[in-house]
Amino acid sequence: MKTQYSVFMLIGALVAAPAIAETNWGAQAGSTVNLTSGPAVRANPANVNYEKYETRSTTRTYSNGGNAYRTAQPSARSQMYRMYDGGTTTSRTATTNRTQTVRSAVKRKYYLAHPFFQPTEGKFGSITDLSYNTASYDIDFMPAGAMSDTSAKWKMKQFAIKEDLSYGITDRLGVLLMGRYDISKYKFDWKTAPDDTMDDNDLNIFGAGLQWRFVDNDKWIATLSGYYERQKDVANEFVLDLKAGYKVSKSTIYGLARGWLMNFDDEYYGNGITGENEGGVVESLFISYDDDAKTTFFIEGGLGVFSVLGEDWTLNLEAIFGHYDWHNQASIKGAIGWQPNDWFALNLYAKTSFYDTADGKKLDFYGTESGTWGYMGKAKLDKYNEMSLGGQIIFYF
């Protein structure tokens with residue numbers, strides 16, 4: 001092979017979700033390729049052949065199905081969540097020497113950063129998610145033949161902006177539209193050869209879905225959501241999201257389960273590079289995550305807690321474990337929310353993976369010369385890691 005490559009296809013780990021937020025994490029950042037014909041070509045200004053792949057991330061906001069904690073005495077329209085009781089009780093003695101109780105008005109408030117958030121009938125919700133995401137892993141190639149450089153580190157740095165716009169058809173049923181624009185930089189950091197990099201700026205994910213809050217009473221809340229998403233040049237996704245929570249004082253303890261039916265454009269997906277060797281011949285290298293993935297299924301589950309710290313402050317902690325076809329991953333997320341009124345909230349979050357079965361995996365990798373693919377050997381992955389820092393700007397109107 002050659003001593004220097006330029007990036008061809010990218011996957012590995014990237015921020016979702018999702019949805020999409022919410023759990024694009026773990027299976028993220030993937031590419032697909034048809035090894036029966038040469039690499040799939042996507043037109044772009046740099047004329048680089050590549051495709052990328054992402055799945056949802058635990059921070060995705062669009063699947064956050066129906067937050068609406070209310071205080072005691074819920075509205076007749078809906079048994080909404082009890083979040084913060086700003087009422088106070090005092091006593092006074094009347095001239096008749098009889099003690100009377102005087103109660104101030106109870107303050108009712110929707111907490112927009114809640115994982116069960118969705119607008120009520122006739123209302124709109126807007127969640128703008130700005131995030132900085134990184135992903136990386138080490139690669140040791142074990143070629144069947146000669147290869148000038150056999151060690152590299154794959155890295156991804158990304159700024160992303162994601163918009164979820166939802167509308168309440170009824171108090172229990174809502175519709176959502178979403179899209180995400182990524183500004184990404186990918187790098188193969190070779191041990192001896194010069195680094196290879198590629199920039200990719202595009203609207204890479206868009207979709208629509210329905211949110212249904214089918215349980216909401218004094219003790220329990222549950223939502224079921226379904227979405228269709230398109231990852232540009234990569235796959236069609238059909239997503240199902242189920243969450244159920246138990247209300248305790250000013251907190252909610254909840255569980256979640258999510259599944260993705262992935263219909264890839266091609267049968268192979270993975271990470272790769274392409275470029276010219278010293279003789280000017282175009283060569284490509286592709287690490288295959290799955291050699292038969294025209295259709296596959298990802299699933300994840302987790303536990304979380306959402307707590308009201310004060311009238312304007314909230315805390316959300318979440319732990320996720322997922323199976324993403326070729327590897328499993330565990331991640332954690334924490335978020336602090338500030339909501340000074342009923343129509344605006346700011347939610348700051350951080351998340352990271354801390355366990356991944358990709359470490360130590362030996363995957364097949366392939367190469368081409370003048371468009372002809374051939375098996376080249378094994379590629380061993382290590383130190384697989386994903387991280388994301390971000391903030392959500394939320395409006396309710």
# chains A, B, ... in the order shown; residues from 1 in each chain; ligands from 1

call {"tool": "select_by_dssp", "arguments": {"residues": "range 128-311 of chain A", "states": "strand (DSSP E)", "output": "ChimeraX atom specification"}}
result
/A:128-143,151-168,173-190,196-216,220-231,235-248,251-264,268-276,282-290,295-308

call {"tool": "residues_around", "arguments": {"residues": "range 354-368 of chain A", "least_positions_apart": "2", "cutoff": "10 Å", "atoms": "only C-alpha atoms", "output": "PyMOL selection string"}}
result
chain A and resi 1+12+26+35+38-39+137-143+270-274+282-291+321-323+326-332+351-352+370-387

call {"tool": "residues_around", "arguments": {"residues": "Thr296 in chain A", "least_positions_apart": "6", "cutoff": "12 Å", "atoms": "only C-alpha atoms", "output": "list in words"}}
result
Ala27, Ala235, Asn236, Glu237, Phe238, Gly259, Trp260, Leu261, Met262, Asn263, Phe264, Asp265, Asp266, Glu267, Tyr268, Tyr269, Asp290, His323, Tyr324, Asp325 and Trp326 of chain A

call {"tool": "write_last_selection", "arguments": {"atoms": "C-alpha atoms", "output": "PDB file, in the first residue's frame"}}
result
ATOM      1  CA  ALA A  27     -23.159   3.209  17.128  1.00  0.00           C
ATOM      2  CA  ALA A 235     -29.152   4.865   5.774  1.00  0.00           C
ATOM      3  CA  ASN A 236     -32.857   5.120   6.461  1.00  0.00           C
ATOM      4  CA  GLU A 237     -33.702   4.679  10.157  1.00  0.00           C
ATOM      5  CA  PHE A 238     -36.926   3.701  11.901  1.00  0.00           C
ATOM      6  CA  GLY A 259     -34.459   0.545  19.112  1.00  0.00           C
ATOM      7  CA  TRP A 260     -33.301   1.438  15.590  1.00  0.00           C
ATOM      8  CA  LEU A 261     -34.040  -0.534  12.452  1.00  0.00           C
ATOM      9  CA  MET A 262     -31.199   0.510  10.135  1.00  0.00           C
ATOM     10  CA  ASN A 263     -31.637   0.114   6.381  1.00  0.00           C
ATOM     11  CA  PHE A 264     -28.207   0.898   4.920  1.00  0.00           C
ATOM     12  CA  ASP A 265     -27.663   2.092   1.372  1.00  0.00           C
ATOM     13  CA  ASP A 266     -24.960  -0.612   0.987  1.00  0.00           C
ATOM     14  CA  GLU A 267     -24.127  -3.874   2.724  1.00  0.00           C
ATOM     15  CA  TYR A 268     -20.809  -2.859   4.280  1.00  0.00           C
ATOM     16  CA  TYR A 269     -20.233  -0.066   6.752  1.00  0.00           C
ATOM     17  CA  ASP A 290     -20.008  -5.419   9.385  1.00  0.00           C
ATOM     18  CA  HIS A 323     -25.873  -3.042  21.636  1.00  0.00           C
ATOM     19  CA  TYR A 324     -24.883  -1.457  18.312  1.00  0.00           C
ATOM     20  CA  ASP A 325     -24.498  -4.413  15.953  1.00  0.00           C
ATOM     21  CA  TRP A 326     -20.721  -4.898  16.011  1.00  0.00           C
TER      22      TRP A 326
END

call {"tool": "residues_around", "arguments": {"residues": "Lys157 in chain A", "least_positions_apart": "2", "cutoff": "8 Å", "atoms": "only C-alpha atoms", "output": "ChimeraX atom specification"}}
result
/A:132-135,155,159,184-186

call {"tool": "write_last_selection", "arguments": {"atoms": "N, CA and C atoms", "output": "CSV table (one decimal), in the first residue's frame"}}
result
chain,number,residue,atom,x,y,z
A,132,TYR,N,-20.3,20.2,21.1
A,132,TYR,CA,-19.0,19.9,20.6
A,132,TYR,C,-18.7,18.4,20.9
A,133,ASN,N,-18.4,17.6,19.9
A,133,ASN,CA,-18.3,16.2,20.0
A,133,ASN,C,-16.9,15.7,19.6
A,134,THR,N,-16.4,14.7,20.3
A,134,THR,CA,-15.1,14.1,19.9
A,134,THR,C,-15.3,12.5,19.9
A,135,ALA,N,-14.5,11.9,19.1
A,135,ALA,CA,-14.4,10.4,19.1
A,135,ALA,C,-13.1,10.0,18.6
A,155,LYS,N,-9.4,10.1,14.6
A,155,LYS,CA,-9.9,11.1,15.5
A,155,LYS,C,-11.1,11.8,14.7
A,159,PHE,N,-18.5,20.2,15.6
A,159,PHE,CA,-19.5,21.1,16.1
A,159,PHE,C,-20.8,20.7,15.4
A,184,SER,N,-17.6,19.0,10.7
A,184,SER,CA,-16.8,17.9,11.2
A,184,SER,C,-15.4,17.9,10.6
A,185,LYS,N,-14.4,17.5,11.4
A,185,LYS,CA,-13.0,17.3,10.9
A,185,LYS,C,-12.5,15.9,11.3
A,186,TYR,N,-12.1,15.1,10.4
A,186,TYR,CA,-11.7,13.7,10.6
A,186,TYR,C,-10.2,13.6,10.3

call {"tool": "atom_distance", "arguments": {"atom1": "CA of Phe188 in chain A", "atom2": "CA of Met156 in chain A"}}
result
9.2 Å

call {"tool": "closest_residue", "arguments": {"among": "A:Gly125, A:Pro119, A:Gly279, A:Gly226", "to": "Thr170 in chain A", "atoms": "only C-alpha atoms"}}
result
A:Pro119
